[in-house]
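So this one's start.txt, compact mmCIF, C-alpha atoms:
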# COMPACT_ATOMS: atom_id res chain seq x y z
CA MET A 1 -2.12 -46.62 15.76
CA SER A 2 0.14 -43.54 15.82
CA GLY A 3 2.16 -42.71 12.73
CA THR A 4 5.04 -41.42 14.87
CA LYS A 5 8.24 -43.35 14.26
CA GLN A 6 9.98 -44.92 17.24
CA LEU A 7 13.13 -43.14 18.38
CA HIS A 8 16.10 -45.30 19.41
CA TRP A 9 17.89 -43.06 21.89
CA GLY A 10 19.93 -45.85 23.46
CA LYS A 11 21.41 -47.07 20.19
CA ALA A 12 22.08 -43.52 19.00
CA VAL A 13 23.91 -42.51 22.19
CA VAL A 14 25.97 -45.72 22.23
CA SER A 15 26.85 -45.28 18.54
CA ILE A 16 28.04 -41.73 19.18
CA ALA A 17 29.96 -42.89 22.26
CA VAL A 18 31.74 -45.67 20.34
CA THR A 19 33.19 -43.12 17.92
CA LEU A 20 34.03 -40.64 20.69
CA VAL A 21 35.95 -43.39 22.49
CA ALA A 22 37.58 -44.93 19.41
CA MET A 23 38.96 -41.64 18.07
CA PRO A 24 41.03 -40.65 21.14
CA LEU A 25 42.18 -44.24 21.67
CA THR A 26 43.67 -44.42 18.17
CA HIS A 27 45.17 -40.94 18.63
CA ILE A 28 46.77 -42.00 21.93
CA LEU A 29 48.22 -45.15 20.37
CA ALA A 30 49.56 -43.22 17.38
CA ARG A 31 51.06 -40.57 19.67
CA ALA A 32 52.74 -43.24 21.81
CA LEU A 33 54.27 -44.79 18.68
CA LYS A 34 55.40 -41.38 17.40
CA ASP A 35 57.01 -40.44 20.72
CA GLY A 36 58.53 -43.89 21.21
CA THR A 37 60.24 -44.08 17.81
CA SER A 38 62.58 -41.93 15.77
CA GLY A 39 64.00 -41.81 12.27
CA VAL A 40 63.13 -44.71 10.01
CA GLU A 41 61.54 -46.51 12.99
CA GLN A 42 58.63 -44.10 12.64
CA PHE A 43 58.12 -45.24 9.06
CA TYR A 44 57.88 -48.87 10.12
CA ALA A 45 55.65 -48.00 13.09
CA SER A 46 53.24 -46.08 10.84
CA MET A 47 53.10 -48.89 8.29
CA GLY A 48 52.61 -51.41 11.08
CA MET A 49 49.67 -49.49 12.54
CA GLY A 50 48.15 -49.19 9.08
CA ALA A 51 48.64 -52.92 8.49
CA VAL A 52 46.82 -53.73 11.75
CA GLY A 53 43.92 -51.62 10.50
CA LEU A 54 43.84 -53.46 7.19
CA LEU A 55 43.89 -56.83 8.95
CA MET A 56 40.86 -55.74 11.01
CA VAL A 57 39.00 -54.75 7.86
CA ILE A 58 39.89 -57.93 5.99
CA GLY A 59 38.88 -59.99 9.02
CA GLY A 60 35.52 -58.24 8.89
CA VAL A 61 34.90 -59.75 5.46
CA PHE A 62 34.81 -63.23 7.01
CA VAL A 63 32.94 -62.65 10.29
CA LYS A 64 29.17 -62.89 10.54
CA GLY A 65 26.91 -60.11 11.74
CA ASP A 66 26.39 -56.56 10.46
CA ALA A 67 27.37 -54.91 13.76
CA LYS A 68 30.63 -56.91 14.08
CA GLN A 69 31.56 -56.15 10.49
CA THR A 70 30.80 -52.46 11.05
CA LEU A 71 32.97 -52.28 14.19
CA LEU A 72 35.91 -53.97 12.45
CA GLY A 73 35.59 -51.59 9.50
CA LEU A 74 35.28 -48.61 11.82
CA PHE A 75 38.27 -49.40 14.02
CA GLY A 76 40.26 -50.68 11.04
CA GLY A 77 39.64 -47.42 9.19
CA MET A 78 40.76 -45.33 12.15
CA PHE A 79 43.90 -47.42 12.64
CA TYR A 80 44.70 -47.18 8.95
CA TRP A 81 44.17 -43.41 8.79
CA MET A 82 46.18 -42.66 11.93
CA GLY A 83 48.98 -45.03 10.88
CA ALA A 84 49.39 -45.27 7.12
CA VAL A 85 48.14 -41.73 6.40
CA ASP A 86 48.51 -39.26 9.30
CA PHE A 87 51.58 -40.91 10.85
CA LEU A 88 53.26 -41.47 7.47
CA PHE A 89 52.74 -37.85 6.44
CA MET A 90 54.30 -36.80 9.75
CA TYR A 91 57.34 -39.01 9.08
CA TYR A 92 58.01 -37.47 5.67
CA ALA A 93 57.23 -33.92 6.87
CA ASN A 94 59.82 -34.32 9.64
CA ARG A 95 62.31 -36.07 7.36
CA PHE A 96 62.32 -33.26 4.80
CA GLY A 97 61.98 -30.36 7.25
CA THR A 98 58.45 -29.12 6.61
CA GLN A 99 57.68 -26.34 9.09
CA ALA A 100 54.51 -26.14 11.18
CA GLN A 101 52.17 -23.17 10.76
CA LEU A 102 52.46 -20.88 13.78
CA ASP A 103 50.03 -18.31 15.16
CA PRO A 104 51.63 -14.93 14.32
CA VAL A 105 50.58 -13.47 17.70
CA THR A 106 51.13 -16.27 20.21
CA GLY A 107 53.66 -18.39 18.32
CA GLU A 108 51.63 -21.51 19.05
CA VAL A 109 51.37 -24.31 16.47
CA VAL A 110 48.02 -24.03 14.69
CA SER A 111 48.64 -26.59 11.92
CA ARG A 112 51.14 -29.41 12.16
CA PRO A 113 53.47 -30.05 9.19
CA GLU A 114 51.70 -33.24 8.08
CA TYR A 115 48.40 -31.38 7.72
CA LEU A 116 50.04 -28.66 5.62
CA LEU A 117 51.13 -31.36 3.15
CA LEU A 118 47.71 -33.03 2.98
CA PRO A 119 46.15 -30.61 0.43
CA ALA A 120 48.68 -31.95 -2.10
CA THR A 121 46.55 -35.12 -2.19
CA PHE A 122 43.58 -33.25 -3.68
CA GLY A 123 44.16 -34.81 -7.11
CA PHE A 124 44.06 -38.33 -5.65
CA TRP A 125 40.90 -37.41 -3.71
CA ALA A 126 39.19 -36.14 -6.88
CA MET A 127 40.17 -39.34 -8.70
CA THR A 128 38.62 -41.45 -5.91
CA MET A 129 35.45 -39.36 -5.88
CA MET A 130 35.12 -39.75 -9.66
CA LEU A 131 35.06 -43.53 -9.20
CA TYR A 132 32.31 -43.35 -6.58
CA LEU A 133 30.24 -40.78 -8.49
CA PHE A 134 30.27 -42.45 -11.90
CA CYS A 135 30.72 -46.15 -11.16
CA THR A 136 28.79 -46.99 -8.00
CA ARG A 137 25.22 -47.05 -6.86
CA ASN A 138 25.52 -46.70 -3.09
CA GLY A 139 23.73 -45.68 0.08
CA CYS A 140 25.74 -42.55 0.86
CA ASN A 141 23.38 -39.55 1.08
CA PHE A 142 26.19 -37.14 0.15
CA LEU A 143 27.18 -39.05 -3.00
CA ASN A 144 23.56 -39.68 -3.95
CA TRP A 145 22.86 -35.93 -3.76
CA TRP A 146 25.75 -35.18 -6.13
CA GLN A 147 24.67 -37.98 -8.50
CA ARG A 148 21.13 -36.58 -8.65
CA LEU A 149 22.55 -33.07 -9.23
CA PHE A 150 24.93 -34.11 -12.00
CA PHE A 151 23.04 -36.94 -13.68
CA GLY A 152 19.38 -36.12 -13.00
CA LYS A 153 17.07 -38.70 -14.54
CA HIS A 154 20.08 -40.57 -15.97
CA LYS A 155 21.44 -41.44 -12.51
CA LYS A 156 20.29 -45.06 -12.60
CA GLU A 157 21.81 -45.80 -15.98
CA ILE A 158 25.15 -44.05 -15.29
CA ALA A 159 25.65 -45.48 -11.80
CA ALA A 160 23.75 -48.66 -12.52
CA ARG A 161 25.20 -51.21 -10.09
CA PRO A 162 26.85 -51.27 -6.67
CA MET A 163 30.26 -52.76 -6.02
CA THR A 164 30.47 -56.13 -4.29
CA ARG A 165 29.36 -55.27 -0.77
CA HIS A 166 31.47 -56.28 2.22
CA THR A 167 30.26 -54.19 5.15
CA SER A 168 33.67 -53.89 6.84
CA ILE A 169 35.30 -52.64 3.61
CA VAL A 170 32.43 -50.24 2.91
CA VAL A 171 32.76 -48.79 6.42
CA PHE A 172 36.55 -48.65 6.08
CA MET A 173 36.24 -46.62 2.87
CA GLU A 174 33.62 -44.37 4.46
CA VAL A 175 35.93 -43.67 7.40
CA VAL A 176 38.95 -42.90 5.23
CA THR A 177 37.11 -40.81 2.61
CA MET A 178 35.17 -38.81 5.20
CA LEU A 179 38.31 -37.98 7.19
CA TRP A 180 40.18 -37.19 3.97
CA THR A 181 37.40 -34.95 2.66
CA CYS A 182 36.96 -33.07 5.93
CA TYR A 183 40.70 -32.50 6.39
CA LEU A 184 41.02 -31.19 2.84
CA LEU A 185 38.03 -28.88 3.31
CA LEU A 186 39.38 -27.46 6.56
CA MET A 187 42.96 -27.04 5.33
CA PHE A 188 41.79 -25.13 2.25
CA CYS A 189 39.59 -22.97 4.49
CA TYR A 190 42.46 -22.24 6.86
CA ASP A 191 44.89 -21.38 4.05
CA GLY A 192 45.04 -17.59 3.67
CA ARG A 193 45.95 -17.91 -0.01
CA PHE A 194 42.53 -19.43 -0.66
CA ILE A 195 40.05 -18.48 2.08
CA GLY A 196 41.66 -17.85 5.49
CA ASP A 197 40.92 -18.61 9.13
CA HIS A 198 38.78 -15.57 9.78
CA SER A 199 36.87 -15.48 6.52
CA PRO A 200 33.06 -15.64 6.85
CA VAL A 201 33.25 -18.66 4.52
CA THR A 202 35.27 -20.62 7.09
CA LEU A 203 32.78 -19.78 9.84
CA LEU A 204 29.93 -20.75 7.49
CA VAL A 205 31.59 -24.15 6.94
CA GLY A 206 31.71 -24.58 10.71
CA MET A 207 28.05 -23.62 11.08
CA VAL A 208 27.02 -26.04 8.32
CA GLY A 209 28.93 -28.81 10.11
CA PHE A 210 27.34 -28.00 13.46
CA ILE A 211 23.76 -27.59 12.21
CA GLY A 212 24.09 -30.49 9.77
CA SER A 213 25.17 -32.80 12.58
CA LEU A 214 21.99 -31.95 14.50
CA PHE A 215 19.88 -33.00 11.52
CA MET A 216 21.97 -36.15 11.22
CA PHE A 217 21.48 -36.96 14.90
CA ALA A 218 17.72 -36.59 14.48
CA ARG A 219 17.91 -39.11 11.65
CA LEU A 220 20.24 -41.38 13.63
CA LEU A 221 17.53 -41.74 16.28
CA ARG A 222 15.34 -43.55 13.72
CA TYR A 223 17.74 -46.40 12.95
CA PRO A 224 16.77 -49.58 14.85
CA ALA A 225 19.65 -51.81 13.69
CA TRP A 226 23.02 -51.65 15.44
CA GLY A 227 25.10 -51.80 12.28
CA MET A 228 23.39 -48.88 10.55
CA SER A 229 23.30 -46.90 13.80
CA LEU A 230 27.05 -47.33 14.31
CA ARG A 231 27.82 -46.30 10.73
CA TYR A 232 25.60 -43.24 10.82
CA GLY A 233 26.77 -42.37 14.33
CA TYR A 234 30.36 -42.18 13.09
CA ALA A 235 29.36 -39.90 10.21
CA THR A 236 27.40 -37.67 12.61
CA VAL A 237 30.40 -37.21 14.91
CA ILE A 238 32.75 -36.37 12.02
CA ILE A 239 30.40 -33.71 10.61
CA PHE A 240 29.89 -32.29 14.12
CA TRP A 241 33.66 -32.16 14.55
CA ILE A 242 33.96 -29.80 11.57
CA GLY A 243 32.08 -27.21 13.63
CA VAL A 244 34.19 -27.93 16.71
CA GLU A 245 37.45 -27.56 14.74
CA VAL A 246 36.41 -24.28 13.11
CA PHE A 247 35.05 -22.72 16.31
CA ASP A 248 38.21 -23.69 18.17
CA ARG A 249 40.50 -22.50 15.37
CA ILE A 250 39.06 -18.98 15.21
CA HIS A 251 38.11 -18.74 18.92
CA VAL A 252 34.66 -17.62 17.89
CA LEU A 253 32.94 -18.24 21.23
CA GLU A 254 35.58 -16.37 23.24
CA GLY A 255 35.54 -13.47 20.77
CA LEU A 256 31.76 -13.09 20.77
CA TRP A 257 31.64 -13.30 24.56
CA ALA A 258 34.44 -10.77 25.16
CA ALA A 259 33.69 -8.22 22.43
CA PRO A 260 30.59 -8.97 20.34
CA SER A 261 30.64 -5.50 18.71
CA GLU A 262 34.02 -6.34 17.12
CA HIS A 263 32.68 -9.51 15.50
CA THR A 264 29.63 -8.27 13.57
CA ASP A 265 30.53 -10.33 10.49
CA GLN A 266 30.63 -13.52 12.58
CA LEU A 267 27.33 -12.63 14.25
CA ALA A 268 25.83 -12.07 10.79
CA VAL A 269 27.00 -15.48 9.53
CA ILE A 270 25.68 -17.24 12.64
CA GLY A 271 22.36 -15.36 12.50
CA LEU A 272 21.83 -16.02 8.79
CA SER A 273 22.71 -19.71 9.26
CA LEU A 274 20.11 -20.06 11.99
CA LEU A 275 17.50 -18.15 9.95
CA ALA A 276 18.15 -20.37 6.92
CA THR A 277 17.74 -23.45 9.12
CA ALA A 278 14.47 -22.14 10.54
CA ALA A 279 13.19 -21.32 7.05
CA TYR A 280 14.07 -24.82 5.86
CA LEU A 281 12.26 -26.44 8.80
CA ILE A 282 9.15 -24.33 8.19
CA TYR A 283 9.20 -25.06 4.46
CA ASN A 284 9.70 -28.77 5.05
CA LYS A 285 6.81 -28.91 7.52
CA LEU A 286 4.47 -27.05 5.15
CA HIS A 287 5.54 -29.26 2.24
CA LYS A 288 4.78 -32.41 4.24
CA LYS A 289 1.35 -31.04 5.17
CA GLN A 290 0.55 -30.27 1.52
CA THR A 291 1.72 -33.72 0.45
CA ALA A 292 -0.38 -35.39 3.14
CA THR A 293 -3.53 -33.51 2.15
CA ALA A 294 -3.01 -33.89 -1.60
So that I can check it, write out the structure of this file as structure tokens.
Amino acid sequence: MSGTKQLHWGKAVVSIAVTLVAMPLTHILARALKDGTSGVEQFYASMGMGAVGLLMVIGGVFVKGDAKQTLLGLFGGMFYWMGAVDFLFMYYANRFGTQAQLDPVTGEVVSRPEYLLLPATFGFWAMTMMLYLFCTRNGCNFLNWWQRLFFGKHKKEIAARPMTRHTSIVVFMEVVTMLWTCYLLLMFCYDGRFIGDHSPVTLLVGMVGFIGSLFMFARLLRYPAWGMSLRYGYATVIIFWIGVEVFDRIHVLEGLWAAPSEHTDQLAVIGLSLLATAAYLIYNKLHKKQTATA
């Protein structure tokens, strides 16, 4: 019998599609509420949308079935983020006159006021991450990597036990913390006082998001259960979207197509990223061969 693992293309594609449909739907609803309200009405509309998200998540605690719980956590997390976070930041940004960031050449809005305020939440984000790093044993690959890096052989004794697991709440927290983390990362990259739009570091972040999402999709194909596939599919889309956001922000594709000789630093970052990926794949393949023959 072949040792090749079965690939679940249907589940993977549907899981990706669910996120790609859910994200614009929640954006459209939030935009309709923003355009249809004004003043303090926007505050109540944002809190109402966030409350609907929380009710979905709490309802997921009581329903049966991993896939149903995952969907309620996923949609609940998106509703909560768009309402009680994104929408609420917009309300206070407008109320106190925060200005959008404009492109100095075209005058177009490149960062809305609410996103310019979001980096101020970094301290709250770090506090939340400290809880997950030191107090929870969990299934998140990203957090597990940091725990192994920081704690080494003491990982199991420092993060000894998981929290009580309710799938809908776990997914809800994954949705919120992933969106929060990615927005913070991008806003710090875009800020010229720290890194800047056209820094090679910002392009490298975009390349890591794009290439990383391809590795994640390859792993997504191996999940046979709907619940796990939906959860990992969401994470794959969010990481892929980092690349999309960066490439769109700096117009990298248009610039390379129109005048590649004027973008040698970007070509170097892209080339080195692809070479590093190829080197990793070759190393990983050779390592597996050595392990198999040992």
Q) Smallest atom-to-atom distance to A:Arg161: which of A:Arg249, A:Arg137, A:Arg148, A:His263, using only C-alpha atoms? A) A:Arg137
(Q) Taking all atoms listed in the file into account, name the residue in A:Gln101, A:Thr128, A:Thr167, A:Ser213 that is nearest to A:Gly73. (A)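 Closest to A:Gly73, using all atoms listed in the file: A:Thr167.
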Q: Rounded to one decimal place, report the atom CA of A:Leu116-atom CA of A:Leu25 distance in Å.
A: 23.7 Å
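Between A:Pro119 and the candidates A:Thr106, A:Thr181, A:Thr164, A:Ser38, the tightest atom-to-atom separation, counting only C-alpha atoms, involves A:Thr181.
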Q: Using atom CA of A:Tyr80 and atom CA of A:Met130 as the two end points, give the distance in Å to one decimal.
A: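 For atom CA of A:Tyr80 relative to atom CA of A:Met130, the distance reads 22.2 Å.
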Q. Quick one: of A:Gly255, A:Pro24, A:Pro260, A:Gly77, who's nearest to A:Leu55, counting all atoms listed in the file?
A.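 Under the stated criterion, the closest residue is A:Gly77.
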Q: Mind giving me the straight-line distance from atom CA of A:Gln69 to atom CA of A:Arg231 in Å, one decimal?
A: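 Computed distance, atom CA of A:Gln69 to atom CA of A:Arg231, equals 10.5 Å.
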(Q) Using only C-alpha atoms for the distances, tell me which of A:Gly243, A:Pro104, A:Gly10, A:Gly227 is nearest to A:Leu214. (A) A:Gly243
Step by step, gather every atom of stretch 164-177 of chain A that the file lists, find the box along x, y and z that holds them, add 8 Å on each side, and finally give centre and edge lengths in Å to one decimal, as JSON.
{"center_x": 34.2, "center_y": -48.5, "center_z": 1.6, "size_x": 25.6, "size_y": 31.5, "size_z": 27.7}
Q: Compile the contact shell of A:Gly39 as an MDAnalysis selection string: residues with an atom at most 9 Å away, counting all atoms listed in the file, same-chain residues fewer than 5 positions apart removed.
A: chainID A and resid 91 94:95
Q. Can you list, as a ChimeraX atom specification, every protein, DNA or RNA residue that comes within 10 Å of A:Phe150 when you count only C-alpha atoms, leaving out same-chain residues fewer than 6 positions away?
A. /A:133-134,144
Q. What's the 7 Å shell around A:Ala93, counting all atoms listed in the file, without same-chain residues fewer than 4 positions away, as a ChimeraX atom specification?
A. /A:89,97-98,113-114
